[in-house]
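Step one of this worksheet: look at the structure below.
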Amino acid sequence: MQAAPRIDDYLETLNKAQRQAAEYGEFDDTNSLRAGPLLVIAGAGTGKTMTLAHRVAHLIVSGISPQRILLLTFTRRAAQDMTRRVDAIVRKALAEHHPGLSPAGVLPWSGTFHSIANRLLRRYAANLGLDPGFSVLDRGDAADIIDVTRHDLDLSRTARRFPKKDTCLAIYSRCVNSQKSLPDVLNESYPWCSDWEDALRNLFRHYVERKQQTQSLDYDDLLLYWAHLVADSEFAAEIGSWFDHVLVDEYQDTNLVQAQILRALKPDGNGLTVVGDDAQSIYSFRAAEVENILGFPKQFSPSAQVISLEENYRSTQPILDTANCLIAESDRQYRKNLYSDCREGGPPEYVTVEDAEAEAEFVVSKVLENCEGGLRLMDQAVLFRGSHHSDRLELELVRRNIPYVKYGGLKFLEAGHVKDVLSVLKWADNPKNEVAAFRVLKLLPGMGPVNAKRCYETLGREAFLFSALDEFRPPAAAAGGWSKLCGLLKSLAATESEDTAWQSQLVQVRRWYQPHLERLYDGLDTREADLEQLEQISGRYPTRERFLTELTLDPPSAAGDLAGDPLLDEDYLILSTVHSAKGQEWEAVFVLNVADGNFPSEFATGKPATIEEERRLLYVAMTRARQSLALIAPLKYHVTQQRRDGDKHVYGARSRFVTDSLLGTMRQCFHGRAEARSDRQLPRTDRRLDVGSRLRDMW
């Protein structure tokens, strides 16, 4: 391979493998850099972004016009970050060797797949039967059009529950991006919707027609139209000739449509560079196809060059030893062994705890211990497979006044379905609670604010006795379920002072709420798991009043619900699903619920391919840690619908990923649950203070 011209100071910061990837290619007789297909396998923390930025900069410094470079990323932020880095590297190189020159418009063709598609489609709109001024629908707009189409086809008024708009859009998108038939997608990912195959097919046909009538394209259309455009060999050759080099970041996250577009642009692979890590392919639920990266070299003849980056700049070697051991047990992969110069720090911990409460106590105690040792809260992260896995921990953080931010799912107490159930109990606990009353009443179909106000006023005229609801005449749409709500509220009010375990009331509420949950929300599995957690949590409280009061006294907004502005608190703990944590890193990482059924998820155990993705998901969680890593495994899980002092439970099985060889790389320990202490003293009842009149007199 011929060496590049001597403008290489800007590459001195790269290690050997990174530099090999950045400089890949040969200079021809015209002194132009030519390169065959290249796959860079960039292990976690190995400097992927820096390597790709230096490769793009090297192309520009070597004489390739920025106009003839196409850089594709998965987020706008990634594209902007890459452009800034390339600009800085090129400016440095030119300043050192050609002081009078400056880069002419760095990377005008840099962006996400969808943004580049948008630009190309507007150029070729006439060829595609599009208006150049077509509208682009975001996910919310697309879901709304699906919803309107559902109503037009009378699918929102079926006798059995028809999938809601977001589910319908997800099914449509999966079919488009995975290129699988509707029956296959339903059977594999949405079996509960299988009976609606014909209706969904009709819905999608009308959805497409409606978009075409209004000259609107959704996100999936942008890729589809681009794919159909370059499926024509003449257009593919024309667009492909615009670019000498096409570079793709996070290639393991591409779907089949994106891979076909790339292959059409560069059928021989010349000038095509893709960067990614098969061990971090975790987005199959978005139709990402790991086979794209696994099969990339063999798509070309001769095969693509493969360069692996293995030197890790993030984690200590003990953490990498554990991560390497985990991923080595995967059958199909690019073999790599991450290593680090940092040998400090002990091995990761495998912590068994008694149950979910002990898990929360352990995490909080370790987080505070780390803070005492000088580690900030924001340098620590708690990761989990499903968003509901953090429910117990969130309540403990609220109780201990530890601010936190959660990514990848709603905060437990702020989730709509949790607030719905709590509102039923709050209204039963205090019939004058207008906020709770309005939320509960508006759960009923047809019961808008006006009717809810009319009902509340009726209740007030009858001394707030729930029996008065029997005489209220609800709107026609709510009439069918009115008697059930009245019966529920009267039952909850009647049992308020009984000695029986109040937790059984949650069972009643959930039974009444289930059809409303199914009608109002998508993602039922996660939401039902949240309500089960709520039921289990209730066992810690002796009365309904204590339960509701302690969950309300310290609202989540005061405990760090900082999604809008994370700087409202000077420091906060990070809670995140593993999917949302990809690309991030922290000094200390705790991974919750590392037990079979949770890691891997019980919904992913049907196929070897999904099991392997779950392995990669745990690998991603492990490799987020710099200095400290703890995998936490509860020994037992308490079942719902039992007495407050009951101890019915099932035992958690050790995760199939935690093999004996993996345990050999970790330090094992056990953390027990602290026993609850009761030092309550009954208050005096012989004195009364008229605080109410005093408060009124203040004004």
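Residue numbering restarts at 1 in every chain; chains get A, B, ... in the order shown in the structure tokens, and ligands count up from 1 in that same order.
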
Next on the checklist: Residues of stretch 58-204 of chain A classed as strand (DSSP E or B) by DSSP on the backbone are to be reported as a ChimeraX atom specification.
Outcome noted: /A:69-73,110-112,135-136

Could you turn the residues from that selection into a file that holds N, CA, C and O atoms, as a CSV table (one decimal), in the first residue's frame?
chain,number,residue,atom,x,y,z
A,69,ILE,N,-17.8,13.5,-0.7
A,69,ILE,CA,-17.8,12.6,0.5
A,69,ILE,C,-19.2,12.5,1.1
A,69,ILE,O,-19.8,13.6,1.4
A,70,LEU,N,-19.8,11.4,1.2
A,70,LEU,CA,-21.1,11.2,1.8
A,70,LEU,C,-20.9,10.5,3.2
A,70,LEU,O,-20.4,9.4,3.2
A,71,LEU,N,-21.3,11.2,4.3
A,71,LEU,CA,-21.2,10.6,5.6
A,71,LEU,C,-22.6,10.4,6.2
A,71,LEU,O,-23.4,11.4,6.3
A,72,LEU,N,-22.9,9.2,6.5
A,72,LEU,CA,-24.3,8.9,7.0
A,72,LEU,C,-24.2,8.5,8.5
A,72,LEU,O,-23.4,7.6,8.9
A,73,THR,N,-25.0,9.1,9.3
A,73,THR,CA,-25.1,8.8,10.7
A,73,THR,C,-26.5,8.5,11.1
A,73,THR,O,-27.4,8.5,10.3
A,110,SER,N,-23.2,15.6,4.8
A,110,SER,CA,-23.2,14.8,6.1
A,110,SER,C,-24.5,14.9,6.8
A,110,SER,O,-25.1,16.0,6.9
A,111,GLY,N,-25.0,13.8,7.3
A,111,GLY,CA,-26.3,13.8,7.9
A,111,GLY,C,-26.9,12.4,8.2
A,111,GLY,O,-26.2,11.4,7.9
A,112,THR,N,-28.1,12.4,8.7
A,112,THR,CA,-28.7,11.1,9.0
A,112,THR,C,-29.2,10.5,7.6
A,112,THR,O,-29.3,11.2,6.6
A,135,SER,N,-44.5,17.2,2.2
A,135,SER,CA,-44.3,17.4,3.7
A,135,SER,C,-43.7,16.1,4.2
A,135,SER,O,-44.0,15.0,3.7
A,136,VAL,N,-43.0,16.3,5.3
A,136,VAL,CA,-42.4,15.2,6.0
A,136,VAL,C,-43.1,15.0,7.4
A,136,VAL,O,-43.2,16.0,8.2

Next on the checklist: I'd like the contact shell of A:Arg624 - 10 Å cut-off, only C-alpha atoms, skipping same-chain residues fewer than 2 positions apart - returned as JSON, numbers by chain.
Outcome noted: {"A": [44, 45, 314, 315, 319, 381, 383, 578, 581, 582, 583, 584, 585, 586, 587, 588, 589, 590, 619, 620, 621, 622, 626, 627, 628, 629]}

Residue selection dump (N, CA, C and O atoms) as an mmCIF file, in the first residue's frame:
data_model
loop_
_atom_site.group_PDB
_atom_site.id
_atom_site.type_symbol
_atom_site.label_atom_id
_atom_site.label_comp_id
_atom_site.auth_asym_id
_atom_site.auth_seq_id
_atom_site.Cartn_x
_atom_site.Cartn_y
_atom_site.Cartn_z
ATOM 1 N N ALA A 44 -16.322 -1.533 22.097
ATOM 2 C CA ALA A 44 -16.794 -0.510 23.026
ATOM 3 C C ALA A 44 -15.621 0.280 23.601
ATOM 4 O O ALA A 44 -14.641 -0.300 24.076
ATOM 5 N N GLY A 45 -15.716 1.606 23.544
ATOM 6 C CA GLY A 45 -14.711 2.468 24.148
ATOM 7 C C GLY A 45 -13.383 2.515 23.430
ATOM 8 O O GLY A 45 -12.380 2.913 24.014
ATOM 9 N N ARG A 314 -11.785 3.392 27.953
ATOM 10 C CA ARG A 314 -12.851 3.721 28.899
ATOM 11 C C ARG A 314 -12.726 2.951 30.202
ATOM 12 O O ARG A 314 -12.723 3.551 31.276
ATOM 13 N N SER A 315 -12.650 1.630 30.132
ATOM 14 C CA SER A 315 -12.821 0.785 31.310
ATOM 15 C C SER A 315 -11.507 0.229 31.818
ATOM 16 O O SER A 315 -10.504 0.157 31.100
ATOM 17 N N ILE A 319 -12.873 -4.987 34.361
ATOM 18 C CA ILE A 319 -14.208 -4.879 33.761
ATOM 19 C C ILE A 319 -14.199 -5.461 32.357
ATOM 20 O O ILE A 319 -15.126 -6.193 31.955
ATOM 21 N N ALA A 381 -24.478 5.426 37.392
ATOM 22 C CA ALA A 381 -25.684 5.110 36.631
ATOM 23 C C ALA A 381 -26.226 3.754 37.052
ATOM 24 O O ALA A 381 -25.462 2.826 37.340
ATOM 25 N N LEU A 383 -28.586 0.879 35.495
ATOM 26 C CA LEU A 383 -29.118 0.434 34.212
ATOM 27 C C LEU A 383 -30.041 -0.755 34.412
ATOM 28 O O LEU A 383 -29.870 -1.553 35.340
ATOM 29 N N VAL A 578 -30.934 0.049 29.294
ATOM 30 C CA VAL A 578 -29.662 -0.205 28.615
ATOM 31 C C VAL A 578 -29.709 0.346 27.191
ATOM 32 O O VAL A 578 -28.721 0.890 26.681
ATOM 33 N N ALA A 581 -28.833 3.824 27.196
ATOM 34 C CA ALA A 581 -27.496 4.101 27.724
ATOM 35 C C ALA A 581 -26.404 3.886 26.693
ATOM 36 O O ALA A 581 -25.254 4.266 26.924
ATOM 37 N N LYS A 582 -26.740 3.289 25.565
ATOM 38 C CA LYS A 582 -25.722 3.001 24.550
ATOM 39 C C LYS A 582 -25.054 4.296 24.108
ATOM 40 O O LYS A 582 -25.712 5.293 23.841
ATOM 41 N N GLY A 583 -23.721 4.262 24.064
ATOM 42 C CA GLY A 583 -22.954 5.441 23.703
ATOM 43 C C GLY A 583 -22.553 6.296 24.884
ATOM 44 O O GLY A 583 -21.794 7.249 24.717
ATOM 45 N N GLN A 584 -23.065 5.963 26.087
ATOM 46 C CA GLN A 584 -22.745 6.730 27.296
ATOM 47 C C GLN A 584 -21.717 5.962 28.137
ATOM 48 O O GLN A 584 -21.437 4.788 27.899
ATOM 49 N N GLU A 585 -21.188 6.629 29.156
ATOM 50 C CA GLU A 585 -20.251 5.980 30.070
ATOM 51 C C GLU A 585 -20.273 6.693 31.407
ATOM 52 O O GLU A 585 -20.525 7.897 31.490
ATOM 53 N N TRP A 586 -20.021 5.915 32.479
ATOM 54 C CA TRP A 586 -20.019 6.453 33.839
ATOM 55 C C TRP A 586 -18.921 5.766 34.645
ATOM 56 O O TRP A 586 -18.479 4.660 34.309
ATOM 57 N N GLU A 587 -18.504 6.425 35.731
ATOM 58 C CA GLU A 587 -17.470 5.838 36.579
ATOM 59 C C GLU A 587 -17.967 4.553 37.238
ATOM 60 O O GLU A 587 -17.251 3.555 37.302
ATOM 61 N N ALA A 588 -19.195 4.588 37.756
ATOM 62 C CA ALA A 588 -19.760 3.426 38.447
ATOM 63 C C ALA A 588 -21.095 3.063 37.805
ATOM 64 O O ALA A 588 -21.928 3.940 37.560
ATOM 65 N N VAL A 589 -21.296 1.779 37.542
ATOM 66 C CA VAL A 589 -22.524 1.310 36.905
ATOM 67 C C VAL A 589 -23.095 0.148 37.712
ATOM 68 O O VAL A 589 -22.371 -0.774 38.096
ATOM 69 N N PHE A 590 -24.401 0.213 37.976
ATOM 70 C CA PHE A 590 -25.139 -0.867 38.631
ATOM 71 C C PHE A 590 -26.161 -1.402 37.629
ATOM 72 O O PHE A 590 -26.910 -0.624 37.038
ATOM 73 N N TYR A 619 -23.833 -7.010 27.490
ATOM 74 C CA TYR A 619 -22.472 -6.587 27.163
ATOM 75 C C TYR A 619 -22.394 -5.061 27.075
ATOM 76 O O TYR A 619 -21.463 -4.430 27.601
ATOM 77 N N VAL A 620 -23.388 -4.446 26.430
ATOM 78 C CA VAL A 620 -23.424 -2.986 26.340
ATOM 79 C C VAL A 620 -23.520 -2.379 27.733
ATOM 80 O O VAL A 620 -22.843 -1.391 28.044
ATOM 81 N N ALA A 621 -24.357 -2.971 28.594
ATOM 82 C CA ALA A 621 -24.488 -2.458 29.963
ATOM 83 C C ALA A 621 -23.148 -2.516 30.696
ATOM 84 O O ALA A 621 -22.745 -1.556 31.363
ATOM 85 N N MET A 622 -22.451 -3.639 30.582
ATOM 86 C CA MET A 622 -21.164 -3.800 31.273
ATOM 87 C C MET A 622 -20.133 -2.776 30.796
ATOM 88 O O MET A 622 -19.391 -2.196 31.604
ATOM 89 N N ARG A 626 -16.582 2.659 33.780
ATOM 90 C CA ARG A 626 -15.160 2.982 33.726
ATOM 91 C C ARG A 626 -14.384 2.289 34.844
ATOM 92 O O ARG A 626 -13.375 1.625 34.599
ATOM 93 N N GLN A 627 -14.833 2.484 36.098
ATOM 94 C CA GLN A 627 -14.056 2.026 37.245
ATOM 95 C C GLN A 627 -14.750 0.940 38.063
ATOM 96 O O GLN A 627 -14.083 0.122 38.679
ATOM 97 N N SER A 628 -16.080 0.958 38.093
ATOM 98 C CA SER A 628 -16.801 0.072 39.007
ATOM 99 C C SER A 628 -18.043 -0.475 38.315
ATOM 100 O O SER A 628 -18.784 0.274 37.665
ATOM 101 N N LEU A 629 -18.263 -1.789 38.465
ATOM 102 C CA LEU A 629 -19.412 -2.440 37.843
ATOM 103 C C LEU A 629 -19.995 -3.442 38.822
ATOM 104 O O LEU A 629 -19.266 -4.228 39.438
#

Checklist entry - Looking at A:Gly346, A:Pro600, A:Gly408, A:Gly240, which one is nearest to A:Leu618, with distances taken over only C-alpha atoms? => result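 Nearest to A:Leu618: A:Pro600.
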
Item to check | All residues 12 Å or closer to A:Leu222, only C-alpha atoms, same chain fewer than 5 positions away omitted, as a PyMOL selection string | outcome: chain A and resi 112-122+125+128+130+134-138+173+176-177+216-217+227-229+257-258+261

Counting only C-alpha atoms, what is within 8 Å of stretch 608-617 of chain A, bar same-chain residues fewer than 4 positions away, as an mmCIF file with N, CA, C and O atoms, in the first residue's frame?
data_model
loop_
_atom_site.group_PDB
_atom_site.id
_atom_site.type_symbol
_atom_site.label_atom_id
_atom_site.label_comp_id
_atom_site.auth_asym_id
_atom_site.auth_seq_id
_atom_site.Cartn_x
_atom_site.Cartn_y
_atom_site.Cartn_z
ATOM 1 N N ALA A 279 -21.120 -6.615 18.400
ATOM 2 C CA ALA A 279 -21.415 -6.928 19.802
ATOM 3 C C ALA A 279 -22.322 -5.886 20.443
ATOM 4 O O ALA A 279 -22.783 -6.086 21.568
ATOM 5 N N GLN A 280 -22.569 -4.782 19.755
ATOM 6 C CA GLN A 280 -23.469 -3.755 20.284
ATOM 7 C C GLN A 280 -24.714 -3.591 19.410
ATOM 8 O O GLN A 280 -25.355 -2.544 19.420
ATOM 9 N N SER A 281 -25.070 -4.631 18.692
ATOM 10 C CA SER A 281 -26.287 -4.609 17.879
ATOM 11 C C SER A 281 -27.463 -5.005 18.769
ATOM 12 O O SER A 281 -27.673 -6.183 19.058
ATOM 13 N N ILE A 282 -28.256 -4.007 19.195
ATOM 14 C CA ILE A 282 -29.298 -4.261 20.200
ATOM 15 C C ILE A 282 -30.646 -3.652 19.816
ATOM 16 O O ILE A 282 -31.528 -3.526 20.659
ATOM 17 N N LEU A 326 -18.074 -12.640 28.659
ATOM 18 C CA LEU A 326 -19.494 -12.733 28.301
ATOM 19 C C LEU A 326 -19.679 -12.860 26.799
ATOM 20 O O LEU A 326 -20.365 -13.770 26.316
ATOM 21 N N ILE A 327 -19.072 -11.972 26.033
ATOM 22 C CA ILE A 327 -19.330 -11.943 24.593
ATOM 23 C C ILE A 327 -18.616 -13.080 23.881
ATOM 24 O O ILE A 327 -19.025 -13.484 22.773
ATOM 25 N N SER A 330 -20.695 -16.036 22.642
ATOM 26 C CA SER A 330 -21.609 -15.889 21.511
ATOM 27 C C SER A 330 -21.084 -16.699 20.335
ATOM 28 O O SER A 330 -19.873 -16.723 20.062
ATOM 29 N N VAL A 578 -30.934 0.049 29.294
ATOM 30 C CA VAL A 578 -29.662 -0.205 28.615
ATOM 31 C C VAL A 578 -29.709 0.346 27.191
ATOM 32 O O VAL A 578 -28.721 0.890 26.681
ATOM 33 N N HIS A 579 -30.862 0.216 26.534
ATOM 34 C CA HIS A 579 -30.976 0.735 25.171
ATOM 35 C C HIS A 579 -30.671 2.230 25.123
ATOM 36 O O HIS A 579 -29.994 2.709 24.201
ATOM 37 N N PHE A 599 -33.085 -10.675 32.543
ATOM 38 C CA PHE A 599 -31.880 -10.569 31.717
ATOM 39 C C PHE A 599 -31.367 -11.975 31.463
ATOM 40 O O PHE A 599 -30.626 -12.510 32.282
ATOM 41 N N PRO A 600 -31.783 -12.645 30.396
ATOM 42 C CA PRO A 600 -32.574 -12.125 29.279
ATOM 43 C C PRO A 600 -34.049 -11.977 29.633
ATOM 44 O O PRO A 600 -34.552 -12.649 30.526
ATOM 45 N N SER A 601 -34.716 -11.116 28.893
ATOM 46 C CA SER A 601 -36.145 -10.911 29.090
ATOM 47 C C SER A 601 -36.905 -12.177 28.750
ATOM 48 O O SER A 601 -36.537 -12.926 27.840
ATOM 49 N N ALA A 604 -37.883 -12.716 25.201
ATOM 50 C CA ALA A 604 -36.845 -12.891 24.187
ATOM 51 C C ALA A 604 -36.263 -14.293 24.185
ATOM 52 O O ALA A 604 -35.242 -14.543 23.549
ATOM 53 N N ALA A 621 -24.357 -2.971 28.594
ATOM 54 C CA ALA A 621 -24.488 -2.458 29.963
ATOM 55 C C ALA A 621 -23.148 -2.516 30.696
ATOM 56 O O ALA A 621 -22.745 -1.556 31.363
ATOM 57 N N PHE A 657 -26.636 -16.123 31.236
ATOM 58 C CA PHE A 657 -25.397 -15.472 30.810
ATOM 59 C C PHE A 657 -24.332 -15.488 31.912
ATOM 60 O O PHE A 657 -23.150 -15.317 31.627
#

Checklist entry - So which one's closest to A:Gln333, A:Gly295, A:Gly25, A:Gly63, A:Gly271? Using only C-alpha atoms, please. => result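 Of A:Gly295, A:Gly25, A:Gly63, A:Gly271, the one nearest A:Gln333 is A:Gly295, counting only C-alpha atoms.
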
Item to check | Near-stretch 665-669 of chain A list (10 Å; only C-alpha atoms; drop same-chain fewer than 3 positions) as a PyMOL selection string | outcome: chain A and resi 318-323+325+346-353+629-632+660-662

Next on the checklist: Taking only C-alpha atoms into account, name the residue in A:Asp218, A:Glu311, A:Asp571, A:Asp152 that is nearest to A:Ala17.
Outcome noted: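 For A:Ala17, the nearest of the candidates is A:Glu311.
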
Which residues come within 12 Å of A:Asp198, counting only C-alpha atoms, excluding same-chain residues fewer than 4 positions away, as a compact mmCIF listing (two decimals) with all heavy atoms, in the first residue's frame?
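Result written to around_6.txt:
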# COMPACT_ATOMS: atom_id res chain seq x y z
N LEU A 155 -62.69 1.20 12.47
CA LEU A 155 -61.89 0.22 13.22
C LEU A 155 -61.74 0.62 14.68
O LEU A 155 -61.29 -0.19 15.50
CB LEU A 155 -60.51 0.08 12.58
CG LEU A 155 -60.51 -0.52 11.17
CD1 LEU A 155 -59.11 -0.50 10.58
CD2 LEU A 155 -61.05 -1.95 11.19
N LEU A 182 -46.69 -8.92 6.39
CA LEU A 182 -47.51 -8.58 7.55
C LEU A 182 -47.78 -9.80 8.43
O LEU A 182 -47.64 -9.70 9.66
CB LEU A 182 -48.82 -7.93 7.08
CG LEU A 182 -49.82 -7.57 8.18
CD1 LEU A 182 -49.21 -6.60 9.19
CD2 LEU A 182 -51.08 -6.96 7.56
N PRO A 183 -48.13 -10.97 7.86
CA PRO A 183 -48.35 -12.14 8.73
C PRO A 183 -47.11 -12.51 9.54
O PRO A 183 -47.22 -12.86 10.72
CB PRO A 183 -48.71 -13.26 7.74
CG PRO A 183 -49.25 -12.55 6.54
CD PRO A 183 -48.47 -11.27 6.45
N LEU A 186 -46.64 -9.97 12.40
CA LEU A 186 -47.64 -10.18 13.45
C LEU A 186 -47.31 -11.41 14.27
O LEU A 186 -47.37 -11.38 15.51
CB LEU A 186 -49.03 -10.31 12.82
CG LEU A 186 -49.60 -9.05 12.17
CD1 LEU A 186 -50.95 -9.34 11.52
CD2 LEU A 186 -49.74 -7.92 13.18
N CYS A 193 -52.23 -9.32 17.81
CA CYS A 193 -52.91 -8.59 16.73
C CYS A 193 -53.16 -9.47 15.50
O CYS A 193 -53.66 -8.98 14.49
CB CYS A 193 -52.07 -7.39 16.30
SG CYS A 193 -51.79 -6.16 17.59
N SER A 194 -52.80 -10.74 15.59
CA SER A 194 -52.87 -11.61 14.41
C SER A 194 -54.27 -11.71 13.82
O SER A 194 -54.44 -11.82 12.60
CB SER A 194 -52.34 -13.01 14.75
OG SER A 194 -50.97 -12.96 15.07
N ASN A 202 -55.87 -3.49 5.23
CA ASN A 202 -56.75 -2.46 4.66
C ASN A 202 -56.41 -1.08 5.23
O ASN A 202 -56.39 -0.08 4.51
CB ASN A 202 -58.20 -2.82 4.96
CG ASN A 202 -59.18 -1.92 4.25
OD1 ASN A 202 -58.97 -1.55 3.09
ND2 ASN A 202 -60.27 -1.57 4.91
N LEU A 203 -56.14 -1.03 6.53
CA LEU A 203 -55.75 0.23 7.17
C LEU A 203 -54.49 0.80 6.54
O LEU A 203 -54.42 1.99 6.22
CB LEU A 203 -55.56 0.00 8.67
CG LEU A 203 -54.95 1.16 9.47
CD1 LEU A 203 -55.89 2.37 9.47
CD2 LEU A 203 -54.65 0.73 10.90
N PHE A 204 -53.48 -0.04 6.36
CA PHE A 204 -52.20 0.43 5.82
C PHE A 204 -52.36 0.89 4.37
O PHE A 204 -51.71 1.85 3.94
CB PHE A 204 -51.14 -0.66 5.94
CG PHE A 204 -50.82 -1.05 7.36
CD1 PHE A 204 -50.31 -2.30 7.66
CD2 PHE A 204 -51.03 -0.16 8.39
CE1 PHE A 204 -50.02 -2.66 8.96
CE2 PHE A 204 -50.74 -0.50 9.71
CZ PHE A 204 -50.23 -1.76 9.99
N ARG A 205 -53.20 0.20 3.61
CA ARG A 205 -53.43 0.61 2.23
C ARG A 205 -54.05 2.01 2.19
O ARG A 205 -53.60 2.88 1.42
CB ARG A 205 -54.35 -0.39 1.53
CG ARG A 205 -54.52 -0.10 0.03
CD ARG A 205 -55.48 -1.09 -0.62
NE ARG A 205 -55.02 -2.47 -0.43
CZ ARG A 205 -55.64 -3.37 0.34
NH1 ARG A 205 -56.74 -3.03 1.00
NH2 ARG A 205 -55.17 -4.59 0.46

Checklist entry - Looking only at the backbone, which of the residues in stretch 429-505 of chain A does DSSP tag as alpha helix (DSSP H), as a ChimeraX atom specification? => result /A:429,434-441,449-461,476-494,504-505

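Going from atom CA of A:Pro37 over to atom CA of A:Glu289, you cover 19.3 Å.
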
Checklist entry - From the list A:Leu265, A:Leu377, A:Leu38, A:Leu492, which residue is nearest A:Pro302 when using only C-alpha atoms? => result A:Leu38

Checklist outcome for this item: Using only C-alpha atoms, the residue out of A:Leu443, A:Leu393, A:Val208, A:Leu94 with shortest distance to A:Ala142 is A:Val208
